[in-house]
$ cat target.tsv   # TSV, C-alpha atoms
chain	number	residue	atom	x	y	z
O	1	MET	CA	-20.69	34.39	-25.93
O	2	ASN	CA	-23.92	34.04	-27.92
O	3	LYS	CA	-25.09	31.24	-30.16
O	4	GLU	CA	-23.54	32.75	-33.30
O	5	GLN	CA	-20.13	33.17	-31.70
O	6	PHE	CA	-20.19	29.72	-30.17
O	7	LEU	CA	-21.07	28.01	-33.44
O	8	SER	CA	-18.56	29.94	-35.51
O	9	GLN	CA	-15.76	29.19	-33.03
O	10	LEU	CA	-16.72	25.55	-33.06
O	11	LYS	CA	-16.85	25.51	-36.85
O	12	ARG	CA	-13.38	27.04	-37.09
O	13	SER	CA	-11.91	24.48	-34.71
O	14	LEU	CA	-13.38	21.63	-36.75
O	15	SER	CA	-10.97	22.28	-39.62
O	16	GLY	CA	-9.77	19.10	-41.29
O	17	ILE	CA	-12.97	17.21	-40.63
O	18	PRO	CA	-14.97	16.25	-43.76
O	19	GLU	CA	-17.66	18.78	-44.68
O	20	GLN	CA	-20.56	16.35	-44.21
O	21	GLU	CA	-19.44	15.41	-40.70
O	22	LYS	CA	-18.89	19.05	-39.81
O	23	LYS	CA	-22.49	19.78	-40.75
O	24	GLU	CA	-23.76	16.91	-38.61
O	25	ILE	CA	-21.72	18.05	-35.62
O	26	LEU	CA	-22.85	21.66	-35.90
O	27	TYR	CA	-26.44	20.48	-36.27
O	28	ASP	CA	-26.30	18.85	-32.83
O	29	TYR	CA	-25.31	22.14	-31.19
O	30	GLU	CA	-27.81	24.17	-33.19
O	31	GLU	CA	-30.55	21.85	-32.00
O	32	HIS	CA	-29.23	22.15	-28.47
O	33	PHE	CA	-29.45	25.94	-28.61
O	34	ARG	CA	-32.94	25.74	-30.10
O	35	SER	CA	-34.19	23.41	-27.37
O	36	GLY	CA	-32.56	25.52	-24.69
O	37	LEU	CA	-34.24	28.66	-25.98
O	38	GLU	CA	-37.58	26.86	-26.05
O	39	ASN	CA	-36.97	26.00	-22.41
O	40	GLY	CA	-36.51	29.66	-21.62
O	41	GLN	CA	-32.72	29.68	-21.34
O	42	GLU	CA	-30.63	32.55	-22.67
O	43	GLU	CA	-28.13	32.00	-25.49
O	44	GLU	CA	-25.24	33.07	-23.26
O	45	GLU	CA	-26.31	30.74	-20.52
O	46	ILE	CA	-26.55	27.80	-22.91
O	47	ALA	CA	-23.17	28.57	-24.44
O	48	ARG	CA	-21.61	28.80	-20.98
O	49	SER	CA	-22.87	25.42	-19.85
O	50	LEU	CA	-21.81	23.79	-23.13
O	51	GLY	CA	-18.19	24.70	-22.38
O	52	ASN	CA	-15.32	25.90	-24.54
O	53	PRO	CA	-16.09	25.33	-28.25
O	54	ARG	CA	-12.40	25.08	-29.08
O	55	VAL	CA	-11.96	22.24	-26.61
O	56	LEU	CA	-15.03	20.52	-28.05
O	57	GLY	CA	-13.66	20.95	-31.58
O	58	LYS	CA	-10.42	19.35	-30.50
O	59	SER	CA	-12.15	16.27	-29.18
O	60	TYR	CA	-13.97	15.87	-32.52
O	61	ARG	CA	-10.69	16.26	-34.40
O	62	ILE	CA	-9.00	13.62	-32.26
O	63	GLU	CA	-11.93	11.28	-32.80
O	64	SER	CA	-11.78	11.85	-36.55
O	65	LEU	CA	-8.04	11.10	-36.61
O	66	LEU	CA	-8.59	7.90	-34.65
O	67	ASP	CA	-11.25	6.92	-37.16
O	68	LYS	CA	-8.79	7.28	-40.00
O	69	GLU	CA	-6.23	5.21	-38.08
O	70	ARG	CA	-8.79	2.47	-37.64
O	71	GLY	CA	-8.87	2.16	-41.42
O	72	GLY	CA	-11.64	4.41	-42.60
O	73	ASN	CA	-10.20	4.29	-46.12
O	74	ARG	CA	-11.03	0.70	-46.94
O	75	ALA	CA	-11.03	0.95	-50.73
O	76	SER	CA	-7.49	2.27	-51.04
O	77	ASN	CA	-6.30	-0.41	-48.61
O	78	ILE	CA	-7.66	-3.11	-50.86
O	79	ILE	CA	-6.09	-1.55	-53.94
O	80	ARG	CA	-2.77	-1.39	-52.13
O	81	ALA	CA	-3.02	-5.01	-51.11
O	82	VAL	CA	-3.79	-6.00	-54.69
O	83	LEU	CA	-0.82	-3.98	-55.99
O	84	ALA	CA	1.45	-5.52	-53.38
O	85	SER	CA	0.39	-9.03	-54.29
O	86	LEU	CA	0.75	-8.22	-58.00
O	87	SER	CA	4.29	-6.96	-57.58
O	88	LEU	CA	5.04	-9.96	-55.41
O	89	GLY	CA	3.41	-12.06	-58.11
O	90	PHE	CA	5.81	-10.61	-60.67
O	91	LEU	CA	8.79	-11.38	-58.43
O	92	ASN	CA	7.40	-14.87	-57.92
O	93	VAL	CA	6.94	-15.56	-61.62
O	94	ILE	CA	10.32	-14.24	-62.73
O	95	ILE	CA	12.55	-15.52	-59.94
O	96	THR	CA	10.88	-17.68	-57.36
O	97	VAL	CA	8.96	-20.13	-59.54
O	98	PRO	CA	11.98	-21.10	-61.77
O	99	LEU	CA	14.20	-21.27	-58.71
O	100	PHE	CA	11.67	-23.39	-56.88
O	101	SER	CA	11.16	-25.74	-59.86
O	102	GLY	CA	14.91	-26.14	-60.31
O	103	LEU	CA	15.49	-26.89	-56.66
O	104	PHE	CA	12.53	-29.25	-56.58
O	105	ALA	CA	13.76	-31.15	-59.65
O	106	GLY	CA	17.21	-31.39	-58.06
O	107	LEU	CA	15.66	-32.70	-54.89
O	108	VAL	CA	13.68	-35.37	-56.79
O	109	SER	CA	16.76	-36.61	-58.69
O	110	LEU	CA	18.83	-36.74	-55.50
O	111	TRP	CA	16.04	-38.79	-53.93
O	112	ALA	CA	16.11	-41.14	-56.91
O	113	GLY	CA	19.89	-41.50	-56.53
O	114	ALA	CA	19.68	-42.20	-52.81
O	115	VAL	CA	16.88	-44.73	-53.17
O	116	SER	CA	18.62	-46.60	-56.03
O	117	LEU	CA	21.86	-46.71	-54.07
O	118	ALA	CA	20.04	-48.25	-51.11
O	119	LEU	CA	18.14	-50.65	-53.38
O	120	SER	CA	21.25	-51.79	-55.21
O	121	GLY	CA	22.87	-52.66	-51.87
O	122	VAL	CA	19.79	-54.69	-50.95
O	123	ALA	CA	19.85	-56.31	-54.42
O	124	VAL	CA	23.46	-57.45	-54.05
O	125	ILE	CA	22.77	-59.12	-50.69
O	126	ALA	CA	19.52	-60.63	-51.98
O	127	GLY	CA	21.34	-61.93	-55.07
O	128	LEU	CA	23.97	-63.59	-52.88
O	129	ILE	CA	21.30	-65.29	-50.78
O	130	LEU	CA	19.28	-66.42	-53.78
O	131	GLN	CA	22.30	-67.48	-55.91
O	132	PRO	CA	22.54	-71.09	-54.59
O	133	LEU	CA	18.82	-71.55	-55.35
O	134	PHE	CA	18.99	-70.20	-58.92
O	135	PRO	CA	22.56	-70.83	-60.06
O	136	ALA	CA	21.42	-70.67	-63.69
O	137	SER	CA	19.94	-67.14	-63.57
O	138	ILE	CA	22.29	-65.40	-61.05
O	139	GLY	CA	25.94	-65.30	-61.89
O	140	LEU	CA	28.61	-63.89	-59.58
O	141	GLY	CA	30.72	-62.67	-62.49
O	142	GLY	CA	33.87	-64.19	-61.07
O	143	VAL	CA	33.98	-61.89	-58.05
O	144	SER	CA	34.63	-63.46	-54.66
O	145	ILE	CA	31.67	-63.89	-52.30
O	146	PRO	CA	33.17	-62.06	-49.26
O	147	PHE	CA	33.86	-59.06	-51.49
O	148	LEU	CA	30.27	-59.12	-52.72
O	149	ILE	CA	28.96	-59.32	-49.12
O	150	PHE	CA	30.99	-56.30	-48.04
O	151	ALA	CA	30.19	-54.42	-51.24
O	152	GLY	CA	26.46	-55.12	-50.75
O	153	ILE	CA	26.46	-54.03	-47.09
O	154	GLY	CA	28.58	-50.97	-47.90
O	155	THR	CA	26.33	-49.86	-50.77
O	156	GLY	CA	23.19	-50.47	-48.76
O	157	ALA	CA	24.52	-48.49	-45.78
O	158	LEU	CA	25.60	-45.67	-48.05
O	159	GLY	CA	22.14	-45.69	-49.65
O	160	LEU	CA	20.45	-45.60	-46.24
O	161	LEU	CA	22.61	-42.68	-45.16
O	162	SER	CA	21.73	-40.85	-48.38
O	163	VAL	CA	18.03	-41.46	-47.77
O	164	ILE	CA	18.34	-40.05	-44.23
O	165	GLY	CA	20.27	-37.10	-45.60
O	166	MET	CA	17.63	-36.54	-48.28
O	167	TRP	CA	14.93	-36.67	-45.65
O	168	LYS	CA	16.61	-33.83	-43.73
O	169	LEU	CA	17.24	-31.88	-46.91
O	170	SER	CA	13.59	-32.21	-47.96
O	171	GLN	CA	12.42	-31.00	-44.57
O	172	LEU	CA	14.65	-27.97	-44.91
O	173	PHE	CA	13.36	-27.36	-48.42
O	174	PHE	CA	9.72	-27.45	-47.38
O	175	ARG	CA	10.38	-25.32	-44.32
O	176	MET	CA	12.00	-22.67	-46.49
O	177	THR	CA	9.09	-22.84	-48.92
O	178	ALA	CA	6.59	-22.39	-46.09
O	179	LYS	CA	8.61	-19.43	-44.80
O	180	TYR	CA	8.62	-17.82	-48.19
O	181	VAL	CA	4.86	-18.24	-48.52
O	182	GLN	CA	4.38	-16.75	-45.05
O	183	PHE	CA	6.59	-13.84	-46.03
O	184	ASN	CA	4.38	-13.23	-49.05
O	185	VAL	CA	1.24	-13.33	-46.96
O	186	ARG	CA	2.76	-11.00	-44.38
O	187	ILE	CA	3.66	-8.40	-46.98
O	188	ILE	CA	0.18	-8.46	-48.44
O	189	LYS	CA	-1.40	-8.27	-44.98
O	190	LYS	CA	0.82	-5.40	-43.94
O	191	GLN	CA	-0.38	-3.46	-46.93
O	192	GLU	CA	-3.90	-4.11	-45.79
O	193	VAL	CA	-3.31	-2.91	-42.25
O	194	LYS	CA	-1.63	0.32	-43.26
O	195	SER	CA	-4.13	2.98	-44.14
J	1	MET	CA	-12.44	15.01	-10.10
J	2	ASN	CA	-10.05	13.75	-12.76
J	3	VAL	CA	-11.27	14.63	-16.27
J	4	GLN	CA	-10.48	11.27	-17.88
J	5	PHE	CA	-12.20	9.43	-15.06
J	6	LYS	CA	-15.26	11.62	-15.42
J	7	LYS	CA	-15.36	10.95	-19.15
J	8	GLY	CA	-15.35	7.21	-18.61
J	9	VAL	CA	-18.15	7.46	-16.08
J	10	LEU	CA	-20.05	9.77	-18.40
J	11	GLU	CA	-20.14	7.03	-21.00
J	12	LEU	CA	-21.78	4.70	-18.52
J	13	CYS	CA	-24.27	7.38	-17.47
J	14	VAL	CA	-25.34	8.04	-21.04
J	15	LEU	CA	-25.84	4.33	-21.64
J	16	VAL	CA	-27.81	3.89	-18.43
J	17	VAL	CA	-30.08	6.85	-19.12
J	18	LEU	CA	-30.78	5.73	-22.69
J	19	CYS	CA	-31.73	2.28	-21.44
J	20	ARG	CA	-34.85	3.83	-19.89
J	21	ARG	CA	-36.22	5.34	-23.09
J	22	ASP	CA	-35.21	7.37	-26.15
J	23	TYR	CA	-33.97	10.88	-25.48
J	24	TYR	CA	-33.19	13.83	-27.70
J	25	GLY	CA	-29.88	15.62	-27.24
J	26	TYR	CA	-30.84	18.54	-25.07
J	27	GLU	CA	-33.03	16.44	-22.81
J	28	LEU	CA	-30.32	13.82	-22.36
J	29	VAL	CA	-27.67	16.43	-21.65
J	30	HIS	CA	-29.89	18.00	-19.02
J	31	THR	CA	-30.72	14.75	-17.32
J	32	ILE	CA	-27.03	14.07	-16.94
J	33	SER	CA	-25.83	17.54	-16.05
J	34	GLU	CA	-28.44	17.74	-13.31
J	35	ASN	CA	-26.53	15.00	-11.54
J	36	ILE	CA	-22.98	15.40	-12.73
J	37	ASP	CA	-21.06	18.63	-13.00
J	38	ILE	CA	-19.52	18.59	-16.49
J	39	ALA	CA	-19.28	20.86	-19.53
J	40	GLU	CA	-22.53	19.92	-21.27
J	41	GLY	CA	-21.00	20.12	-24.73
J	42	THR	CA	-18.76	17.14	-24.10
J	43	ILE	CA	-21.74	14.79	-24.19
J	44	TYR	CA	-22.26	15.36	-27.93
J	45	PRO	CA	-18.85	14.03	-29.05
J	46	LEU	CA	-19.53	11.05	-26.81
J	47	LEU	CA	-22.96	10.46	-28.35
J	48	ARG	CA	-21.47	10.73	-31.80
J	49	ARG	CA	-18.74	8.20	-31.05
J	50	LEU	CA	-21.11	5.72	-29.41
J	51	THR	CA	-23.47	6.07	-32.37
J	52	LYS	CA	-20.60	5.37	-34.77
J	53	GLU	CA	-19.77	2.29	-32.75
J	54	GLU	CA	-23.38	1.17	-33.24
J	55	TYR	CA	-24.37	1.39	-29.59
J	56	PHE	CA	-27.07	3.91	-30.53
J	57	THR	CA	-29.15	4.69	-33.55
J	58	THR	CA	-30.70	8.08	-34.19
J	59	TYR	CA	-33.94	9.21	-35.77
J	60	LEU	CA	-35.64	12.54	-36.30
J	61	ARG	CA	-39.05	13.27	-34.83
J	62	GLU	CA	-41.15	16.42	-34.98
J	63	SER	CA	-41.58	18.17	-31.64
J	64	GLU	CA	-44.79	19.84	-30.47
J	65	GLU	CA	-43.04	23.19	-30.75
J	66	GLY	CA	-42.24	22.60	-34.42
J	67	PRO	CA	-38.72	21.74	-35.56
J	68	SER	CA	-37.69	18.11	-35.55
J	69	ARG	CA	-35.41	16.68	-32.92
J	70	LYS	CA	-32.76	14.05	-33.16
J	71	TYR	CA	-33.53	11.16	-30.83
J	72	TYR	CA	-31.06	8.59	-29.63
J	73	GLN	CA	-32.10	4.97	-29.22
J	74	ILE	CA	-29.94	2.28	-27.64
J	75	THR	CA	-29.25	-0.85	-29.72
J	76	GLU	CA	-28.87	-4.42	-28.54
J	77	LYS	CA	-25.12	-4.02	-28.89
J	78	GLY	CA	-25.34	-0.92	-26.73
J	79	GLN	CA	-27.25	-2.77	-24.03
J	80	THR	CA	-24.67	-5.52	-23.92
J	81	TYR	CA	-21.95	-2.90	-23.67
J	82	LYS	CA	-23.84	-1.15	-20.85
J	83	GLU	CA	-24.11	-4.38	-18.88
J	84	GLN	CA	-20.39	-4.91	-19.27
J	85	LEU	CA	-19.49	-1.36	-18.18
J	86	LEU	CA	-21.94	-1.54	-15.32
J	87	SER	CA	-20.44	-4.71	-13.88
J	88	GLU	CA	-16.95	-3.22	-14.24
J	89	TRP	CA	-18.17	-0.11	-12.44
J	90	ASN	CA	-19.79	-2.10	-9.62
J	91	HIS	CA	-16.66	-4.14	-9.18
J	92	PHE	CA	-14.57	-0.98	-9.07
J	93	VAL	CA	-16.84	0.75	-6.55
J	94	SER	CA	-16.98	-2.22	-4.22
J	95	SER	CA	-13.19	-2.56	-4.35
J	96	VAL	CA	-12.79	1.08	-3.39
J	97	HIS	CA	-15.33	0.63	-0.59
J	98	ASN	CA	-13.47	-2.37	0.74
J	99	LEU	CA	-10.23	-0.45	0.73
J	100	ILE	CA	-11.76	2.46	2.59
J	101	ARG	CA	-13.33	0.18	5.20
J	102	GLU	CA	-10.05	-1.64	5.77
J	103	GLU	CA	-8.25	1.67	6.23
J	104	GLU	CA	-10.85	2.89	8.70
J	105	SER	CA	-10.83	-0.26	10.81
J	106	ALA	CA	-7.02	-0.44	10.87

$ encode --input "target.tsv" --output "structure tokens"
Amino acid sequence: MNKEQFLSQLKRSLSGIPEQEKKEILYDYEEHFRSGLENGQEEEEIARSLGNPRVLGKSYRIESLLDKERGGNRASNIIRAVLASLSLGFLNVIITVPLFSGLFAGLVSLWAGAVSLALSGVAVIAGLILQPLFPASIGLGGVSIPFLIFAGIGTGALGLLSVIGMWKLSQLFFRMTAKYVQFNVRIIKKQEVKS
Amino acid sequence: MNVQFKKGVLELCVLVVLCRRDYYGYELVHTISENIDIAEGTIYPLLRRLTKEEYFTTYLRESEEGPSRKYYQITEKGQTYKEQLLSEWNHFVSSVHNLIREEESA
């Protein structure tokens, strides 16, 4: 095989590699032949020691494929990520944000209910304790004191339970919110990784 | 010898040789093929990959005979990588030596 044959075989087996890269690769071998000839080697001899051009071409093709896998196409990745976040943004605006606001408002009012229930229990007991000191300002409304004691304790306990329940519910709510945000981020990232 | 193994070692050889001074392709290929029996052409894909990974830079310089030659120069990143490969290689070789010695004395 002479120089011409070697280079044309190599060129043919570089199909699929961008033109500019192909030129650079072929240049290396052309220079190699040139230097070899200057050193008094024969074209055939040089070609023989270089090895099989088709095998060489294959290793360049594999390398080029790996390059693409590693995300050679940065620009389109970014565009994809932007599109993904935009479409997610649309979903978020139409569904998630109203849903989130509604749930959040519900959570706040339930909190208010739980806290006032607990406070009213405390208020009843406090009223009973303070009543002998301020008989003029605190009236019992004709209800018996034992009933008021039990009613106060009952309401306060119920309020406390509600607060504990609300605490758990809030934790769940914020966990779900965090998960949803993570899910968003993951989708956008995935778009970035894919090439 | 196993082809994949040879390729890995070849990478180290190229790095070691280029640590001495800058070489142009043909010269580098010859230095290596004088010592290691390998299809000379396989060094160029390797050089290209290592250059892409910024272990080498290249520049063109006119030769005395006329046409310019592409020289390869090792970068700092390349030197660090060489040191790493070299210590891995030394570790590997000494492990194999130990194994052989143990087998012989057993």

$ closest_residue --input "target.tsv" --among "O:Leu50, O:Leu99, O:Ile25, O:Ile17" --to "chain J" --atoms "all atoms listed in the file"
O:Leu50

$ atom_distance --input "target.tsv" --atom1 "CA of Ser137 in chain O" --atom2 "CA of Val115 in chain O"
24.9 Å

$ closest_residue --input "target.tsv" --among "J:Leu15, J:Leu10, J:Arg69, J:Thr31" --to "chain O" --atoms "all atoms listed in the file"
J:Arg69

$ atom_distance --input "target.tsv" --atom1 "CA of Gly141 in chain O" --atom2 "CA of Ser120 in chain O"
16.2 Å

$ atom_distance --input "target.tsv" --atom1 "CA of Ala47 in chain O" --atom2 "CA of Leu65 in chain O"
26.1 Å

$ closest_atom_pairs --input "target.tsv" --of "chain J" --to "chain O" --cutoff "12 Å" --atoms "all atoms listed in the file" --output "JSON lines"
{"residue": "J:Lys7", "atom": "CA", "partner": "O:Ser59", "partner_atom": "CA", "distance": 11.8}
{"residue": "J:Tyr24", "atom": "CA", "partner": "O:His32", "partner_atom": "CA", "distance": 9.2}
{"residue": "J:Gly25", "atom": "CA", "partner": "O:His32", "partner_atom": "CA", "distance": 6.7}
{"residue": "J:Tyr26", "atom": "CA", "partner": "O:His32", "partner_atom": "CA", "distance": 5.2}
{"residue": "J:Glu27", "atom": "CA", "partner": "O:Ser35", "partner_atom": "CA", "distance": 8.4}
{"residue": "J:Leu28", "atom": "CA", "partner": "O:His32", "partner_atom": "CA", "distance": 10.4}
{"residue": "J:Val29", "atom": "CA", "partner": "O:His32", "partner_atom": "CA", "distance": 9.0}
{"residue": "J:His30", "atom": "CA", "partner": "O:Gly36", "partner_atom": "CA", "distance": 9.8}
{"residue": "J:Ser33", "atom": "CA", "partner": "O:Ser49", "partner_atom": "CA", "distance": 9.2}
{"residue": "J:Glu34", "atom": "CA", "partner": "O:Ser49", "partner_atom": "CA", "distance": 11.5}
{"residue": "J:Asp37", "atom": "CA", "partner": "O:Ser49", "partner_atom": "CA", "distance": 9.8}
{"residue": "J:Ile38", "atom": "CA", "partner": "O:Ser49", "partner_atom": "CA", "distance": 8.3}
{"residue": "J:Ala39", "atom": "CA", "partner": "O:Gly51", "partner_atom": "CA", "distance": 4.9}
{"residue": "J:Glu40", "atom": "CA", "partner": "O:Leu50", "partner_atom": "CA", "distance": 4.4}
{"residue": "J:Gly41", "atom": "CA", "partner": "O:Leu50", "partner_atom": "CA", "distance": 4.1}
{"residue": "J:Thr42", "atom": "CA", "partner": "O:Leu56", "partner_atom": "CA", "distance": 6.4}
{"residue": "J:Ile43", "atom": "CA", "partner": "O:Leu50", "partner_atom": "CA", "distance": 9.1}
{"residue": "J:Tyr44", "atom": "CA", "partner": "O:Asp28", "partner_atom": "CA", "distance": 7.2}
{"residue": "J:Pro45", "atom": "CA", "partner": "O:Tyr60", "partner_atom": "CA", "distance": 6.3}
{"residue": "J:Leu46", "atom": "CA", "partner": "O:Tyr60", "partner_atom": "CA", "distance": 9.3}
{"residue": "J:Leu47", "atom": "CA", "partner": "O:Asp28", "partner_atom": "CA", "distance": 10.1}
{"residue": "J:Arg48", "atom": "CA", "partner": "O:Ile25", "partner_atom": "CA", "distance": 8.3}
{"residue": "J:Arg49", "atom": "CA", "partner": "O:Glu63", "partner_atom": "CA", "distance": 7.7}
{"residue": "J:Leu50", "atom": "CA", "partner": "O:Glu63", "partner_atom": "CA", "distance": 11.3}
{"residue": "J:Lys52", "atom": "CA", "partner": "O:Asp67", "partner_atom": "CA", "distance": 9.8}
{"residue": "J:Glu53", "atom": "CA", "partner": "O:Asp67", "partner_atom": "CA", "distance": 10.7}
{"residue": "J:Thr58", "atom": "CA", "partner": "O:Asp28", "partner_atom": "CA", "distance": 11.7}
{"residue": "J:Leu60", "atom": "CA", "partner": "O:Glu31", "partner_atom": "CA", "distance": 11.4}
{"residue": "J:Ser63", "atom": "CA", "partner": "O:Ser35", "partner_atom": "CA", "distance": 10.0}
{"residue": "J:Glu64", "atom": "CA", "partner": "O:Glu38", "partner_atom": "CA", "distance": 11.0}
{"residue": "J:Glu65", "atom": "CA", "partner": "O:Glu38", "partner_atom": "CA", "distance": 8.1}
{"residue": "J:Gly66", "atom": "CA", "partner": "O:Glu38", "partner_atom": "CA", "distance": 10.5}
{"residue": "J:Pro67", "atom": "CA", "partner": "O:Arg34", "partner_atom": "CA", "distance": 8.9}
{"residue": "J:Ser68", "atom": "CA", "partner": "O:Glu31", "partner_atom": "CA", "distance": 8.8}
{"residue": "J:Arg69", "atom": "CA", "partner": "O:Glu31", "partner_atom": "CA", "distance": 7.2}
{"residue": "J:Lys70", "atom": "CA", "partner": "O:Asp28", "partner_atom": "CA", "distance": 8.1}
{"residue": "J:Tyr71", "atom": "CA", "partner": "O:Asp28", "partner_atom": "CA", "distance": 10.7}
{"residue": "J:Tyr72", "atom": "CA", "partner": "O:Asp28", "partner_atom": "CA", "distance": 11.8}

$ decode --input "target.tsv" --residues "range 8-33 of chain O" --atoms "N, CA and C atoms" --output "PDB file, in the first residue's frame"
ATOM      1  N   SER O   8      -6.451   7.399   1.390  1.00  0.00           N
ATOM      2  CA  SER O   8      -7.834   7.345   0.910  1.00  0.00           C
ATOM      3  C   SER O   8      -8.637   6.297   1.693  1.00  0.00           C
ATOM      4  N   GLN O   9      -7.989   5.209   2.073  1.00  0.00           N
ATOM      5  CA  GLN O   9      -8.693   4.224   2.911  1.00  0.00           C
ATOM      6  C   GLN O   9      -9.048   4.806   4.273  1.00  0.00           C
ATOM      7  N   LEU O  10      -8.092   5.547   4.808  1.00  0.00           N
ATOM      8  CA  LEU O  10      -8.327   6.171   6.112  1.00  0.00           C
ATOM      9  C   LEU O  10      -9.475   7.176   6.012  1.00  0.00           C
ATOM     10  N   LYS O  11      -9.448   7.981   4.945  1.00  0.00           N
ATOM     11  CA  LYS O  11     -10.467   9.001   4.746  1.00  0.00           C
ATOM     12  C   LYS O  11     -11.852   8.356   4.661  1.00  0.00           C
ATOM     13  N   ARG O  12     -11.922   7.246   3.911  1.00  0.00           N
ATOM     14  CA  ARG O  12     -13.216   6.574   3.754  1.00  0.00           C
ATOM     15  C   ARG O  12     -13.727   6.041   5.103  1.00  0.00           C
ATOM     16  N   SER O  13     -12.811   5.560   5.921  1.00  0.00           N
ATOM     17  CA  SER O  13     -13.272   4.975   7.190  1.00  0.00           C
ATOM     18  C   SER O  13     -13.493   6.034   8.271  1.00  0.00           C
ATOM     19  N   LEU O  14     -13.320   7.308   7.885  1.00  0.00           N
ATOM     20  CA  LEU O  14     -13.604   8.375   8.851  1.00  0.00           C
ATOM     21  C   LEU O  14     -14.994   8.963   8.643  1.00  0.00           C
ATOM     22  N   SER O  15     -15.826   8.249   7.870  1.00  0.00           N
ATOM     23  CA  SER O  15     -17.154   8.799   7.562  1.00  0.00           C
ATOM     24  C   SER O  15     -17.934   9.051   8.856  1.00  0.00           C
ATOM     25  N   GLY O  16     -18.646  10.171   8.861  1.00  0.00           N
ATOM     26  CA  GLY O  16     -19.439  10.506  10.046  1.00  0.00           C
ATOM     27  C   GLY O  16     -18.733  11.474  10.967  1.00  0.00           C
ATOM     28  N   ILE O  17     -17.431  11.641  10.743  1.00  0.00           N
ATOM     29  CA  ILE O  17     -16.684  12.600  11.564  1.00  0.00           C
ATOM     30  C   ILE O  17     -16.749  13.970  10.867  1.00  0.00           C
ATOM     31  N   PRO O  18     -16.951  15.041  11.606  1.00  0.00           N
ATOM     32  CA  PRO O  18     -17.026  16.384  11.010  1.00  0.00           C
ATOM     33  C   PRO O  18     -15.841  16.688  10.098  1.00  0.00           C
ATOM     34  N   GLU O  19     -16.123  17.402   9.026  1.00  0.00           N
ATOM     35  CA  GLU O  19     -15.148  17.655   7.963  1.00  0.00           C
ATOM     36  C   GLU O  19     -13.842  18.254   8.509  1.00  0.00           C
ATOM     37  N   GLN O  20     -13.991  19.223   9.413  1.00  0.00           N
ATOM     38  CA  GLN O  20     -12.810  19.918   9.946  1.00  0.00           C
ATOM     39  C   GLN O  20     -11.893  18.933  10.688  1.00  0.00           C
ATOM     40  N   GLU O  21     -12.516  18.086  11.496  1.00  0.00           N
ATOM     41  CA  GLU O  21     -11.738  17.095  12.252  1.00  0.00           C
ATOM     42  C   GLU O  21     -11.058  16.109  11.316  1.00  0.00           C
ATOM     43  N   LYS O  22     -11.804  15.702  10.285  1.00  0.00           N
ATOM     44  CA  LYS O  22     -11.268  14.758   9.302  1.00  0.00           C
ATOM     45  C   LYS O  22      -9.976  15.314   8.704  1.00  0.00           C
ATOM     46  N   LYS O  23     -10.028  16.593   8.355  1.00  0.00           N
ATOM     47  CA  LYS O  23      -8.855  17.253   7.773  1.00  0.00           C
ATOM     48  C   LYS O  23      -7.669  17.205   8.732  1.00  0.00           C
ATOM     49  N   GLU O  24      -7.953  17.513  10.001  1.00  0.00           N
ATOM     50  CA  GLU O  24      -6.889  17.531  11.002  1.00  0.00           C
ATOM     51  C   GLU O  24      -6.265  16.147  11.171  1.00  0.00           C
ATOM     52  N   ILE O  25      -7.127  15.133  11.176  1.00  0.00           N
ATOM     53  CA  ILE O  25      -6.633  13.759  11.343  1.00  0.00           C
ATOM     54  C   ILE O  25      -5.758  13.365  10.158  1.00  0.00           C
ATOM     55  N   LEU O  26      -6.272  13.624   8.947  1.00  0.00           N
ATOM     56  CA  LEU O  26      -5.506  13.254   7.759  1.00  0.00           C
ATOM     57  C   LEU O  26      -4.177  14.009   7.695  1.00  0.00           C
ATOM     58  N   TYR O  27      -4.210  15.256   8.197  1.00  0.00           N
ATOM     59  CA  TYR O  27      -2.979  16.056   8.186  1.00  0.00           C
ATOM     60  C   TYR O  27      -1.866  15.353   8.971  1.00  0.00           C
ATOM     61  N   ASP O  28      -2.236  14.787  10.137  1.00  0.00           N
ATOM     62  CA  ASP O  28      -1.236  14.107  10.962  1.00  0.00           C
ATOM     63  C   ASP O  28      -0.533  12.999  10.183  1.00  0.00           C
ATOM     64  N   TYR O  29      -1.318  12.227   9.407  1.00  0.00           N
ATOM     65  CA  TYR O  29      -0.710  11.105   8.677  1.00  0.00           C
ATOM     66  C   TYR O  29       0.074  11.590   7.462  1.00  0.00           C
ATOM     67  N   GLU O  30      -0.434  12.665   6.841  1.00  0.00           N
ATOM     68  CA  GLU O  30       0.322  13.231   5.719  1.00  0.00           C
ATOM     69  C   GLU O  30       1.697  13.686   6.196  1.00  0.00           C
ATOM     70  N   GLU O  31       1.696  14.366   7.341  1.00  0.00           N
ATOM     71  CA  GLU O  31       2.970  14.843   7.885  1.00  0.00           C
ATOM     72  C   GLU O  31       3.874  13.661   8.226  1.00  0.00           C
ATOM     73  N   HIS O  32       3.263  12.602   8.739  1.00  0.00           N
ATOM     74  CA  HIS O  32       4.031  11.416   9.093  1.00  0.00           C
ATOM     75  C   HIS O  32       4.715  10.828   7.853  1.00  0.00           C
ATOM     76  N   PHE O  33       3.949  10.727   6.768  1.00  0.00           N
ATOM     77  CA  PHE O  33       4.524  10.212   5.519  1.00  0.00           C
ATOM     78  C   PHE O  33       5.664  11.119   5.050  1.00  0.00           C
TER      79      PHE O  33
END
